[in-house]
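So this one's upload-v7.cif, mmCIF, N, CA and C atoms:
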```
data_coords
#
loop_
_atom_site.group_PDB
_atom_site.id
_atom_site.type_symbol
_atom_site.label_atom_id
_atom_site.label_comp_id
_atom_site.auth_asym_id
_atom_site.auth_seq_id
_atom_site.Cartn_x
_atom_site.Cartn_y
_atom_site.Cartn_z
ATOM 1 N N MET A 1435 -40.485 -47.678 17.439
ATOM 2 C CA MET A 1435 -39.917 -48.241 18.643
ATOM 3 C C MET A 1435 -40.945 -48.167 19.759
ATOM 4 N N THR A 1436 -41.095 -49.235 20.514
ATOM 5 C CA THR A 1436 -41.987 -49.259 21.667
ATOM 6 C C THR A 1436 -41.221 -48.802 22.892
ATOM 7 N N ASN A 1437 -41.781 -47.876 23.638
ATOM 8 C CA ASN A 1437 -41.136 -47.361 24.830
ATOM 9 C C ASN A 1437 -41.784 -47.847 26.114
ATOM 10 N N ALA A 1438 -42.991 -48.445 26.011
ATOM 11 C CA ALA A 1438 -43.686 -48.943 27.197
ATOM 12 C C ALA A 1438 -44.619 -50.080 26.790
ATOM 13 N N ILE A 1439 -44.962 -50.898 27.774
ATOM 14 C CA ILE A 1439 -45.840 -52.040 27.542
ATOM 15 C C ILE A 1439 -47.056 -51.931 28.441
ATOM 16 N N LEU A 1440 -48.235 -52.042 27.834
ATOM 17 C CA LEU A 1440 -49.491 -52.114 28.558
ATOM 18 C C LEU A 1440 -49.771 -53.597 28.777
ATOM 19 N N LEU A 1441 -49.877 -54.016 30.029
ATOM 20 C CA LEU A 1441 -49.989 -55.441 30.329
ATOM 21 C C LEU A 1441 -51.418 -55.961 30.348
ATOM 22 N N ASP A 1442 -52.397 -55.101 30.619
ATOM 23 C CA ASP A 1442 -53.805 -55.514 30.674
ATOM 24 C C ASP A 1442 -54.663 -54.308 30.319
ATOM 25 N N GLU A 1443 -55.771 -54.545 29.659
ATOM 26 C CA GLU A 1443 -56.631 -53.435 29.224
ATOM 27 C C GLU A 1443 -57.221 -52.646 30.392
ATOM 28 N N LYS A 1444 -57.276 -53.203 31.605
ATOM 29 C CA LYS A 1444 -57.769 -52.482 32.784
ATOM 30 C C LYS A 1444 -56.712 -51.549 33.375
ATOM 31 N N ASP A 1445 -55.445 -51.731 32.992
ATOM 32 C CA ASP A 1445 -54.351 -50.970 33.603
ATOM 33 C C ASP A 1445 -54.452 -49.475 33.308
ATOM 34 N N ASN A 1446 -54.091 -48.664 34.316
ATOM 35 C CA ASN A 1446 -53.997 -47.221 34.108
ATOM 36 C C ASN A 1446 -52.538 -46.765 34.136
ATOM 37 N N VAL A 1447 -51.619 -47.736 34.122
ATOM 38 C CA VAL A 1447 -50.183 -47.476 33.993
ATOM 39 C C VAL A 1447 -49.602 -48.447 32.969
ATOM 40 N N ALA A 1448 -48.474 -48.059 32.388
ATOM 41 C CA ALA A 1448 -47.703 -48.941 31.512
ATOM 42 C C ALA A 1448 -46.273 -48.948 32.027
ATOM 43 N N THR A 1449 -45.528 -49.982 31.690
ATOM 44 C CA THR A 1449 -44.138 -50.107 32.127
ATOM 45 C C THR A 1449 -43.210 -49.652 31.011
ATOM 46 N N CYS A 1450 -42.355 -48.666 31.311
ATOM 47 C CA CYS A 1450 -41.404 -48.150 30.319
ATOM 48 C C CYS A 1450 -40.295 -49.177 30.068
ATOM 49 N N THR A 1451 -40.047 -49.479 28.821
ATOM 50 C CA THR A 1451 -38.977 -50.413 28.455
ATOM 51 C C THR A 1451 -37.698 -49.683 28.083
ATOM 52 N N THR A 1452 -37.778 -48.372 28.052
ATOM 53 C CA THR A 1452 -36.617 -47.495 27.889
ATOM 54 C C THR A 1452 -36.830 -46.314 28.825
ATOM 55 N N GLY A 1453 -35.785 -45.635 29.185
ATOM 56 C CA GLY A 1453 -35.953 -44.416 29.958
ATOM 57 C C GLY A 1453 -36.659 -43.376 29.108
ATOM 58 N N ALA A 1454 -37.453 -42.521 29.748
ATOM 59 C CA ALA A 1454 -38.175 -41.476 29.023
ATOM 60 C C ALA A 1454 -37.800 -40.119 29.617
ATOM 61 N N ILE A 1455 -37.662 -39.138 28.759
ATOM 62 C CA ILE A 1455 -37.312 -37.781 29.169
ATOM 63 C C ILE A 1455 -38.536 -36.892 28.986
ATOM 64 N N LYS A 1456 -38.737 -35.975 29.921
ATOM 65 C CA LYS A 1456 -39.859 -35.042 29.853
ATOM 66 C C LYS A 1456 -39.971 -34.473 28.436
ATOM 67 N N GLY A 1457 -41.181 -34.521 27.883
ATOM 68 C CA GLY A 1457 -41.438 -34.011 26.542
ATOM 69 C C GLY A 1457 -41.403 -35.082 25.467
ATOM 70 N N ASN A 1458 -40.797 -36.244 25.768
ATOM 71 C CA ASN A 1458 -40.768 -37.347 24.803
ATOM 72 C C ASN A 1458 -42.167 -37.933 24.616
ATOM 73 N N THR A 1459 -42.434 -38.427 23.416
ATOM 74 C CA THR A 1459 -43.638 -39.209 23.181
ATOM 75 C C THR A 1459 -43.303 -40.667 23.482
ATOM 76 N N ILE A 1460 -44.113 -41.278 24.313
ATOM 77 C CA ILE A 1460 -43.929 -42.688 24.654
ATOM 78 C C ILE A 1460 -44.904 -43.500 23.820
ATOM 79 N N LYS A 1461 -44.377 -44.424 23.033
ATOM 80 C CA LYS A 1461 -45.204 -45.342 22.250
ATOM 81 C C LYS A 1461 -45.465 -46.563 23.115
ATOM 82 N N ILE A 1462 -46.740 -46.940 23.208
ATOM 83 C CA ILE A 1462 -47.136 -47.998 24.124
ATOM 84 C C ILE A 1462 -47.606 -49.216 23.344
ATOM 85 N N LEU A 1463 -46.910 -50.330 23.530
ATOM 86 C CA LEU A 1463 -47.329 -51.588 22.934
ATOM 87 C C LEU A 1463 -48.643 -51.996 23.591
ATOM 88 N N GLY A 1464 -49.709 -52.018 22.805
ATOM 89 C CA GLY A 1464 -51.020 -52.357 23.326
ATOM 90 C C GLY A 1464 -51.857 -51.150 23.711
ATOM 91 N N GLY A 1465 -51.415 -49.912 23.378
ATOM 92 C CA GLY A 1465 -52.215 -48.790 23.835
ATOM 93 C C GLY A 1465 -51.902 -47.397 23.339
ATOM 94 N N GLY A 1466 -51.397 -47.182 22.151
ATOM 95 C CA GLY A 1466 -51.230 -45.831 21.604
ATOM 96 C C GLY A 1466 -49.985 -45.103 22.048
ATOM 97 N N GLU A 1467 -50.120 -43.791 22.261
ATOM 98 C CA GLU A 1467 -48.988 -42.924 22.619
ATOM 99 C C GLU A 1467 -49.423 -41.907 23.666
ATOM 100 N N ILE A 1468 -48.465 -41.449 24.477
ATOM 101 C CA ILE A 1468 -48.680 -40.341 25.407
ATOM 102 C C ILE A 1468 -47.397 -39.522 25.483
ATOM 103 N N VAL A 1469 -47.529 -38.284 25.921
ATOM 104 C CA VAL A 1469 -46.357 -37.431 26.102
ATOM 105 C C VAL A 1469 -45.929 -37.518 27.566
ATOM 106 N N CYS A 1470 -44.649 -37.745 27.770
ATOM 107 C CA CYS A 1470 -44.055 -37.853 29.094
ATOM 108 C C CYS A 1470 -43.949 -36.459 29.707
ATOM 109 N N VAL A 1471 -44.460 -36.273 30.942
ATOM 110 C CA VAL A 1471 -44.433 -34.955 31.570
ATOM 111 C C VAL A 1471 -43.320 -34.807 32.608
ATOM 112 N N GLU A 1472 -42.561 -35.862 32.816
ATOM 113 C CA GLU A 1472 -41.378 -35.819 33.685
ATOM 114 C C GLU A 1472 -40.471 -36.982 33.308
ATOM 115 N N ASP A 1473 -39.227 -36.923 33.701
ATOM 116 C CA ASP A 1473 -38.302 -38.015 33.407
ATOM 117 C C ASP A 1473 -38.760 -39.284 34.127
ATOM 118 N N ILE A 1474 -38.706 -40.414 33.409
ATOM 119 C CA ILE A 1474 -39.105 -41.702 33.979
ATOM 120 C C ILE A 1474 -38.004 -42.716 33.683
ATOM 121 N N PRO A 1475 -37.462 -43.356 34.716
ATOM 122 C CA PRO A 1475 -36.402 -44.344 34.497
ATOM 123 C C PRO A 1475 -36.928 -45.601 33.808
ATOM 124 N N ILE A 1476 -36.029 -46.314 33.163
ATOM 125 C CA ILE A 1476 -36.365 -47.584 32.542
ATOM 126 C C ILE A 1476 -36.978 -48.530 33.582
ATOM 127 N N TRP A 1477 -37.957 -49.300 33.157
ATOM 128 C CA TRP A 1477 -38.675 -50.309 33.948
ATOM 129 C C TRP A 1477 -39.606 -49.707 34.999
ATOM 130 N N HIS A 1478 -39.806 -48.394 34.963
ATOM 131 C CA HIS A 1478 -40.752 -47.768 35.886
ATOM 132 C C HIS A 1478 -42.074 -47.513 35.171
ATOM 133 N N LYS A 1479 -43.085 -47.118 35.924
ATOM 134 C CA LYS A 1479 -44.432 -46.973 35.401
ATOM 135 C C LYS A 1479 -44.732 -45.530 34.984
ATOM 136 N N VAL A 1480 -45.538 -45.412 33.918
ATOM 137 C CA VAL A 1480 -46.021 -44.124 33.439
ATOM 138 C C VAL A 1480 -47.552 -44.153 33.507
ATOM 139 N N ALA A 1481 -48.146 -43.046 33.967
ATOM 140 C CA ALA A 1481 -49.602 -42.942 34.039
ATOM 141 C C ALA A 1481 -50.183 -42.769 32.643
ATOM 142 N N LEU A 1482 -51.163 -43.580 32.313
ATOM 143 C CA LEU A 1482 -51.797 -43.525 30.990
ATOM 144 C C LEU A 1482 -52.935 -42.515 30.936
ATOM 145 N N LYS A 1483 -53.369 -42.075 32.095
ATOM 146 C CA LYS A 1483 -54.427 -41.067 32.213
ATOM 147 C C LYS A 1483 -54.202 -40.344 33.526
ATOM 148 N N LYS A 1484 -54.914 -39.257 33.751
ATOM 149 C CA LYS A 1484 -54.812 -38.570 35.044
ATOM 150 C C LYS A 1484 -55.336 -39.517 36.109
ATOM 151 N N ILE A 1485 -54.552 -39.677 37.160
ATOM 152 C CA ILE A 1485 -54.950 -40.519 38.288
ATOM 153 C C ILE A 1485 -55.090 -39.595 39.498
ATOM 154 N N SER A 1486 -56.278 -39.512 40.028
ATOM 155 C CA SER A 1486 -56.540 -38.617 41.150
ATOM 156 C C SER A 1486 -56.113 -39.234 42.474
ATOM 157 N N LYS A 1487 -55.787 -38.386 43.425
ATOM 158 C CA LYS A 1487 -55.443 -38.837 44.772
ATOM 159 C C LYS A 1487 -56.551 -39.756 45.279
ATOM 160 N N GLY A 1488 -56.169 -40.921 45.803
ATOM 161 C CA GLY A 1488 -57.133 -41.896 46.315
ATOM 162 C C GLY A 1488 -57.593 -42.913 45.297
ATOM 163 N N GLU A 1489 -57.295 -42.682 44.017
ATOM 164 C CA GLU A 1489 -57.699 -43.619 42.964
ATOM 165 C C GLU A 1489 -56.791 -44.846 42.974
ATOM 166 N N LYS A 1490 -57.350 -45.993 42.629
ATOM 167 C CA LYS A 1490 -56.600 -47.239 42.573
ATOM 168 C C LYS A 1490 -55.661 -47.241 41.359
ATOM 169 N N ILE A 1491 -54.485 -47.842 41.541
ATOM 170 C CA ILE A 1491 -53.511 -48.012 40.466
ATOM 171 C C ILE A 1491 -53.613 -49.461 40.003
ATOM 172 N N PHE A 1492 -53.835 -49.654 38.694
ATOM 173 C CA PHE A 1492 -53.955 -50.995 38.126
ATOM 174 C C PHE A 1492 -52.766 -51.318 37.243
ATOM 175 N N LYS A 1493 -52.154 -52.480 37.494
ATOM 176 C CA LYS A 1493 -51.102 -53.050 36.657
ATOM 177 C C LYS A 1493 -51.329 -54.551 36.659
ATOM 178 N N TYR A 1494 -51.110 -55.210 35.539
ATOM 179 C CA TYR A 1494 -51.410 -56.647 35.384
ATOM 180 C C TYR A 1494 -52.913 -56.911 35.510
ATOM 181 N N GLY A 1495 -53.741 -55.863 35.394
ATOM 182 C CA GLY A 1495 -55.172 -56.015 35.587
ATOM 183 C C GLY A 1495 -55.562 -56.101 37.049
ATOM 184 N N GLU A 1496 -54.616 -55.862 37.949
ATOM 185 C CA GLU A 1496 -54.828 -55.969 39.395
ATOM 186 C C GLU A 1496 -54.482 -54.645 40.077
ATOM 187 N N ILE A 1497 -55.064 -54.421 41.234
ATOM 188 C CA ILE A 1497 -54.744 -53.235 42.025
ATOM 189 C C ILE A 1497 -53.371 -53.428 42.650
ATOM 190 N N ILE A 1498 -52.463 -52.493 42.384
ATOM 191 C CA ILE A 1498 -51.124 -52.563 42.997
ATOM 192 C C ILE A 1498 -50.930 -51.479 44.049
ATOM 193 N N GLY A 1499 -51.910 -50.590 44.190
ATOM 194 C CA GLY A 1499 -51.808 -49.531 45.174
ATOM 195 C C GLY A 1499 -52.839 -48.456 44.928
ATOM 196 N N GLU A 1500 -52.663 -47.358 45.650
ATOM 197 C CA GLU A 1500 -53.568 -46.222 45.560
ATOM 198 C C GLU A 1500 -52.726 -44.949 45.472
ATOM 199 N N ALA A 1501 -53.196 -43.992 44.697
ATOM 200 C CA ALA A 1501 -52.450 -42.742 44.530
ATOM 201 C C ALA A 1501 -52.478 -41.917 45.812
ATOM 202 N N SER A 1502 -51.306 -41.482 46.263
ATOM 203 C CA SER A 1502 -51.216 -40.641 47.458
ATOM 204 C C SER A 1502 -51.294 -39.157 47.098
ATOM 205 N N THR A 1503 -51.249 -38.876 45.809
ATOM 206 C CA THR A 1503 -51.351 -37.510 45.288
ATOM 207 C C THR A 1503 -51.873 -37.610 43.859
ATOM 208 N N ASP A 1504 -52.318 -36.497 43.287
ATOM 209 C CA ASP A 1504 -52.726 -36.513 41.880
ATOM 210 C C ASP A 1504 -51.501 -36.824 41.012
ATOM 211 N N ILE A 1505 -51.713 -37.645 39.978
ATOM 212 C CA ILE A 1505 -50.646 -38.007 39.041
ATOM 213 C C ILE A 1505 -51.135 -37.630 37.642
ATOM 214 N N ALA A 1506 -50.365 -36.821 36.942
ATOM 215 C CA ALA A 1506 -50.755 -36.359 35.604
ATOM 216 C C ALA A 1506 -50.588 -37.465 34.569
ATOM 217 N N THR A 1507 -51.355 -37.380 33.495
ATOM 218 C CA THR A 1507 -51.140 -38.256 32.347
ATOM 219 C C THR A 1507 -49.703 -38.081 31.886
ATOM 220 N N GLY A 1508 -48.986 -39.181 31.699
ATOM 221 C CA GLY A 1508 -47.585 -39.107 31.297
ATOM 222 C C GLY A 1508 -46.635 -38.934 32.461
ATOM 223 N N GLY A 1509 -47.166 -38.975 33.690
ATOM 224 C CA GLY A 1509 -46.342 -38.807 34.885
ATOM 225 C C GLY A 1509 -45.739 -40.122 35.368
ATOM 226 N N TRP A 1510 -44.681 -39.993 36.156
ATOM 227 C CA TRP A 1510 -43.973 -41.128 36.736
ATOM 228 C C TRP A 1510 -44.779 -41.643 37.923
ATOM 229 N N VAL A 1511 -45.104 -42.929 37.902
ATOM 230 C CA VAL A 1511 -45.818 -43.576 38.998
ATOM 231 C C VAL A 1511 -44.795 -44.407 39.766
ATOM 232 N N SER A 1512 -44.564 -44.027 41.030
ATOM 233 C CA SER A 1512 -43.507 -44.677 41.813
ATOM 234 C C SER A 1512 -43.905 -44.743 43.285
ATOM 235 N N ASP A 1513 -43.008 -45.239 44.105
ATOM 236 C CA ASP A 1513 -43.273 -45.316 45.544
ATOM 237 C C ASP A 1513 -43.425 -43.927 46.165
ATOM 238 N N LYS A 1514 -43.107 -42.893 45.432
ATOM 239 C CA LYS A 1514 -43.242 -41.518 45.931
ATOM 240 C C LYS A 1514 -44.683 -41.014 45.847
ATOM 241 N N ASN A 1515 -45.521 -41.653 44.993
ATOM 242 C CA ASN A 1515 -46.887 -41.157 44.834
ATOM 243 C C ASN A 1515 -47.961 -42.250 44.873
ATOM 244 N N ILE A 1516 -47.587 -43.462 45.275
ATOM 245 C CA ILE A 1516 -48.578 -44.517 45.511
ATOM 246 C C ILE A 1516 -48.240 -45.215 46.825
ATOM 247 N N PHE A 1517 -49.242 -45.893 47.386
ATOM 248 C CA PHE A 1517 -49.011 -46.693 48.584
ATOM 249 C C PHE A 1517 -49.838 -47.963 48.490
ATOM 250 N N SER A 1518 -49.401 -48.987 49.202
ATOM 251 C CA SER A 1518 -50.094 -50.274 49.214
ATOM 252 C C SER A 1518 -51.394 -50.150 49.987
ATOM 253 N N VAL A 1519 -52.378 -50.908 49.551
ATOM 254 C CA VAL A 1519 -53.657 -50.961 50.255
ATOM 255 C C VAL A 1519 -53.971 -52.419 50.569
ATOM 256 N N PRO A 1520 -54.558 -52.668 51.738
ATOM 257 C CA PRO A 1520 -54.909 -54.051 52.068
ATOM 258 C C PRO A 1520 -55.987 -54.566 51.128
ATOM 259 N N ARG A 1521 -55.907 -55.856 50.793
ATOM 260 C CA ARG A 1521 -56.908 -56.482 49.921
ATOM 261 C C ARG A 1521 -57.356 -57.787 50.556
ATOM 262 N N ASP A 1522 -58.581 -58.146 50.284
ATOM 263 C CA ASP A 1522 -59.143 -59.414 50.727
ATOM 264 C C ASP A 1522 -59.137 -60.362 49.541
ATOM 265 N N TYR A 1523 -58.007 -61.012 49.320
ATOM 266 C CA TYR A 1523 -57.821 -61.865 48.156
ATOM 267 C C TYR A 1523 -58.828 -63.027 48.130
ATOM 268 N N ALA A 1524 -59.156 -63.565 49.290
ATOM 269 C CA ALA A 1524 -60.085 -64.691 49.341
ATOM 270 C C ALA A 1524 -61.447 -64.310 48.740
ATOM 271 N N SER A 1525 -61.962 -63.135 49.094
ATOM 272 C CA SER A 1525 -63.266 -62.734 48.556
ATOM 273 C C SER A 1525 -63.184 -62.349 47.077
ATOM 274 N N GLU A 1526 -62.012 -61.912 46.620
ATOM 275 C CA GLU A 1526 -61.852 -61.547 45.212
ATOM 276 C C GLU A 1526 -61.844 -62.767 44.301
ATOM 277 N N MET A 1527 -61.562 -63.933 44.855
ATOM 278 C CA MET A 1527 -61.491 -65.159 44.047
ATOM 279 C C MET A 1527 -62.862 -65.789 43.836
ATOM 280 N N ILE A 1528 -63.876 -65.278 44.531
ATOM 281 C CA ILE A 1528 -65.223 -65.858 44.430
ATOM 282 C C ILE A 1528 -65.883 -65.446 43.154
#
```

Mind converting the file's structure to C-alpha coordinates?
Amino acid sequence: MTNAILLDEKDNVATCTTGAIKGNTIKILGGGEIVCVEDIPIWHKVALKKISKGEKIFKYGEIIGEASTDIATGGWVSDKNIFSVPRDYASEMI
(Lines of atoms letter the chains of each structure in order from A and count residues from 1; the text may use other names and numbers.)
(Lines give C-alpha, C1' and ligand atoms only; values in the text may rest on other atoms or scores of the structure.)
Protein backbone atom coordinates (compact mmCIF):
# COMPACT_ATOMS: atom_id res chain seq x y z
CA MET A 1 0.00 0.00 0.00
CA THR A 2 1.27 3.48 -0.85
CA ASN A 3 0.93 5.98 1.97
CA ALA A 4 2.48 9.03 0.27
CA ILE A 5 3.27 10.39 -3.17
CA LEU A 6 6.52 12.02 -4.24
CA LEU A 7 5.57 14.50 -6.96
CA ASP A 8 9.03 15.52 -8.25
CA GLU A 9 12.55 14.18 -7.73
CA LYS A 10 13.66 17.60 -6.34
CA ASP A 11 11.01 17.48 -3.59
CA ASN A 12 12.05 17.12 0.05
CA VAL A 13 8.45 16.40 1.11
CA ALA A 14 5.82 13.89 0.00
CA THR A 15 2.04 14.10 0.34
CA CYS A 16 0.41 11.48 2.59
CA THR A 17 -2.52 9.73 0.90
CA THR A 18 -3.55 8.17 4.20
CA GLY A 19 -3.17 9.40 7.75
CA ALA A 20 0.07 8.27 9.39
CA ILE A 21 0.66 7.49 13.06
CA LYS A 22 3.98 8.02 14.82
CA GLY A 23 6.11 4.89 14.35
CA ASN A 24 4.38 3.80 11.12
CA THR A 25 6.46 3.13 8.03
CA ILE A 26 5.29 5.32 5.18
CA LYS A 27 5.66 3.79 1.72
CA ILE A 28 6.28 6.48 -0.86
CA LEU A 29 5.20 6.12 -4.47
CA GLY A 30 8.28 7.30 -6.34
CA GLY A 31 10.69 7.25 -3.41
CA GLY A 32 11.09 4.32 -0.97
CA GLU A 33 10.03 4.29 2.69
CA ILE A 34 10.49 6.38 5.84
CA VAL A 35 9.39 6.04 9.45
CA CYS A 36 6.85 8.61 10.64
CA VAL A 37 8.09 10.45 13.76
CA GLU A 38 4.76 12.13 14.59
CA ASP A 39 1.12 11.79 13.60
CA ILE A 40 0.42 13.25 10.14
CA PRO A 41 -3.11 13.83 8.83
CA ILE A 42 -4.21 12.62 5.41
CA TRP A 43 -3.23 14.94 2.52
CA HIS A 44 -0.52 16.64 4.60
CA LYS A 45 3.22 16.65 3.92
CA VAL A 46 5.93 14.44 5.43
CA ALA A 47 9.62 15.40 5.41
CA LEU A 48 11.69 12.96 3.34
CA LYS A 49 14.94 14.09 4.96
CA LYS A 50 15.99 16.36 7.81
CA ILE A 51 15.11 19.91 6.85
CA SER A 52 17.05 22.54 8.75
CA LYS A 53 15.65 25.88 9.87
CA GLY A 54 15.92 28.30 6.92
CA GLU A 55 16.08 25.53 4.31
CA LYS A 56 13.73 25.72 1.32
CA ILE A 57 10.77 23.32 1.15
CA PHE A 58 10.25 21.77 -2.30
CA LYS A 59 6.97 20.29 -3.55
CA TYR A 60 6.00 19.87 -7.23
CA GLY A 61 9.69 20.59 -7.91
CA GLU A 62 9.07 24.18 -6.76
CA ILE A 63 9.80 26.13 -3.59
CA ILE A 64 6.63 26.29 -1.48
CA GLY A 65 8.22 27.87 1.58
CA GLU A 66 11.06 27.86 4.06
CA ALA A 67 11.44 25.94 7.32
CA SER A 68 10.84 28.11 10.40
CA THR A 69 12.34 25.39 12.61
CA ASP A 70 14.27 22.14 12.16
CA ILE A 71 12.03 19.36 10.79
CA ALA A 72 13.04 15.72 11.35
CA THR A 73 12.96 13.06 8.67
CA GLY A 74 9.45 11.60 8.86
CA GLY A 75 8.11 14.78 10.49
CA TRP A 76 4.89 16.63 9.69
CA VAL A 77 5.48 19.64 7.43
CA SER A 78 2.69 22.18 7.96
CA ASP A 79 1.92 25.86 8.43
CA LYS A 80 3.29 25.43 11.97
CA ASN A 81 6.88 24.94 10.75
CA ILE A 82 7.11 26.58 7.31
CA PHE A 83 6.43 30.07 5.99
CA SER A 84 6.02 31.62 2.55
CA VAL A 85 8.96 33.38 0.97
CA PRO A 86 8.79 35.99 -1.78
CA ARG A 87 9.90 34.78 -5.22
CA ASP A 88 10.78 36.56 -8.43
CA TYR A 89 8.85 34.37 -10.85
CA ALA A 90 9.77 36.49 -13.87
CA SER A 91 13.51 35.88 -13.41
CA GLU A 92 12.94 32.17 -12.72
CA MET A 93 11.34 31.74 -16.15
CA ILE A 94 14.49 32.91 -17.97

Can you tell me which residues surround His1478 in chain A at a distance of at most 12 Å, considering only C-alpha atoms, apart from same-chain residues fewer than 2 positions away, and format the answer as a PyMOL selection string?
chain A and resi 1437-1439+1447-1454+1473-1476+1480-1481+1493+1508-1513

Excluding same-chain residues fewer than 3 positions from Ile1485 in chain A, what lies within 7 Å of it counting all atoms listed in the file, as a ChimeraX atom specification?
/A:1481,1488-1489,1501,1503-1507

From the set A:Asp1522, A:Gly1495, A:Thr1436, A:Asp1445, which residue has the shortest atom-to-atom contact distance to Lys1461 in chain A, counting all atoms listed in the file?
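Selected residue with least distance to Lys1461 in chain A: A:Thr1436.
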
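Picture a line from atom N of Gly1499 in chain A to atom N of Met1435 in chain A; it runs 29.2 Å.
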
Using the chain letters and numbers from this document, which residues of chain A does DSSP assign to strand (DSSP E or B), as a ChimeraX atom specification?
/A:1438-1439,1447-1450,1454,1459-1463,1466-1469,1474,1479-1481,1485,1490-1493,1496-1501,1505,1510-1511,1516-1517

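With CA of Ile1491 in chain A on one side and CA of Gly1464 in chain A on the other, the separation reads 17.9 Å.
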
Completed range 1492-1503 of chain A (N, CA, C and O atoms) as a PDB file, in the frame of the given file:
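Wrote it out as out.pdb, contents follow:
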```pdb
ATOM      1  N   PHE A1492     -53.835 -49.654  38.694  1.00  0.00           N
ATOM      2  CA  PHE A1492     -53.955 -50.995  38.126  1.00  0.00           C
ATOM      3  C   PHE A1492     -52.766 -51.318  37.243  1.00  0.00           C
ATOM      4  O   PHE A1492     -52.394 -50.536  36.373  1.00  0.00           O
ATOM      5  N   LYS A1493     -52.154 -52.480  37.494  1.00  0.00           N
ATOM      6  CA  LYS A1493     -51.102 -53.050  36.657  1.00  0.00           C
ATOM      7  C   LYS A1493     -51.329 -54.551  36.659  1.00  0.00           C
ATOM      8  O   LYS A1493     -51.703 -55.104  37.696  1.00  0.00           O
ATOM      9  N   TYR A1494     -51.110 -55.210  35.539  1.00  0.00           N
ATOM     10  CA  TYR A1494     -51.410 -56.647  35.384  1.00  0.00           C
ATOM     11  C   TYR A1494     -52.913 -56.911  35.510  1.00  0.00           C
ATOM     12  O   TYR A1494     -53.329 -58.019  35.800  1.00  0.00           O
ATOM     13  N   GLY A1495     -53.741 -55.863  35.394  1.00  0.00           N
ATOM     14  CA  GLY A1495     -55.172 -56.015  35.587  1.00  0.00           C
ATOM     15  C   GLY A1495     -55.562 -56.101  37.049  1.00  0.00           C
ATOM     16  O   GLY A1495     -56.707 -56.378  37.383  1.00  0.00           O
ATOM     17  N   GLU A1496     -54.616 -55.862  37.949  1.00  0.00           N
ATOM     18  CA  GLU A1496     -54.828 -55.969  39.395  1.00  0.00           C
ATOM     19  C   GLU A1496     -54.482 -54.645  40.077  1.00  0.00           C
ATOM     20  O   GLU A1496     -53.666 -53.879  39.581  1.00  0.00           O
ATOM     21  N   ILE A1497     -55.064 -54.421  41.234  1.00  0.00           N
ATOM     22  CA  ILE A1497     -54.744 -53.235  42.025  1.00  0.00           C
ATOM     23  C   ILE A1497     -53.371 -53.428  42.650  1.00  0.00           C
ATOM     24  O   ILE A1497     -53.135 -54.421  43.345  1.00  0.00           O
ATOM     25  N   ILE A1498     -52.463 -52.493  42.384  1.00  0.00           N
ATOM     26  CA  ILE A1498     -51.124 -52.563  42.997  1.00  0.00           C
ATOM     27  C   ILE A1498     -50.930 -51.479  44.049  1.00  0.00           C
ATOM     28  O   ILE A1498     -49.904 -51.437  44.712  1.00  0.00           O
ATOM     29  N   GLY A1499     -51.910 -50.590  44.190  1.00  0.00           N
ATOM     30  CA  GLY A1499     -51.808 -49.531  45.174  1.00  0.00           C
ATOM     31  C   GLY A1499     -52.839 -48.456  44.928  1.00  0.00           C
ATOM     32  O   GLY A1499     -53.755 -48.620  44.114  1.00  0.00           O
ATOM     33  N   GLU A1500     -52.663 -47.358  45.650  1.00  0.00           N
ATOM     34  CA  GLU A1500     -53.568 -46.222  45.560  1.00  0.00           C
ATOM     35  C   GLU A1500     -52.726 -44.949  45.472  1.00  0.00           C
ATOM     36  O   GLU A1500     -51.677 -44.855  46.104  1.00  0.00           O
ATOM     37  N   ALA A1501     -53.196 -43.992  44.697  1.00  0.00           N
ATOM     38  CA  ALA A1501     -52.450 -42.742  44.530  1.00  0.00           C
ATOM     39  C   ALA A1501     -52.478 -41.917  45.812  1.00  0.00           C
ATOM     40  O   ALA A1501     -53.543 -41.674  46.378  1.00  0.00           O
ATOM     41  N   SER A1502     -51.306 -41.482  46.263  1.00  0.00           N
ATOM     42  CA  SER A1502     -51.216 -40.641  47.458  1.00  0.00           C
ATOM     43  C   SER A1502     -51.294 -39.157  47.098  1.00  0.00           C
ATOM     44  O   SER A1502     -51.415 -38.307  47.977  1.00  0.00           O
ATOM     45  N   THR A1503     -51.249 -38.876  45.809  1.00  0.00           N
ATOM     46  CA  THR A1503     -51.351 -37.510  45.288  1.00  0.00           C
ATOM     47  C   THR A1503     -51.873 -37.610  43.859  1.00  0.00           C
ATOM     48  O   THR A1503     -51.884 -38.692  43.276  1.00  0.00           O
TER      49      THR A1503
END
```
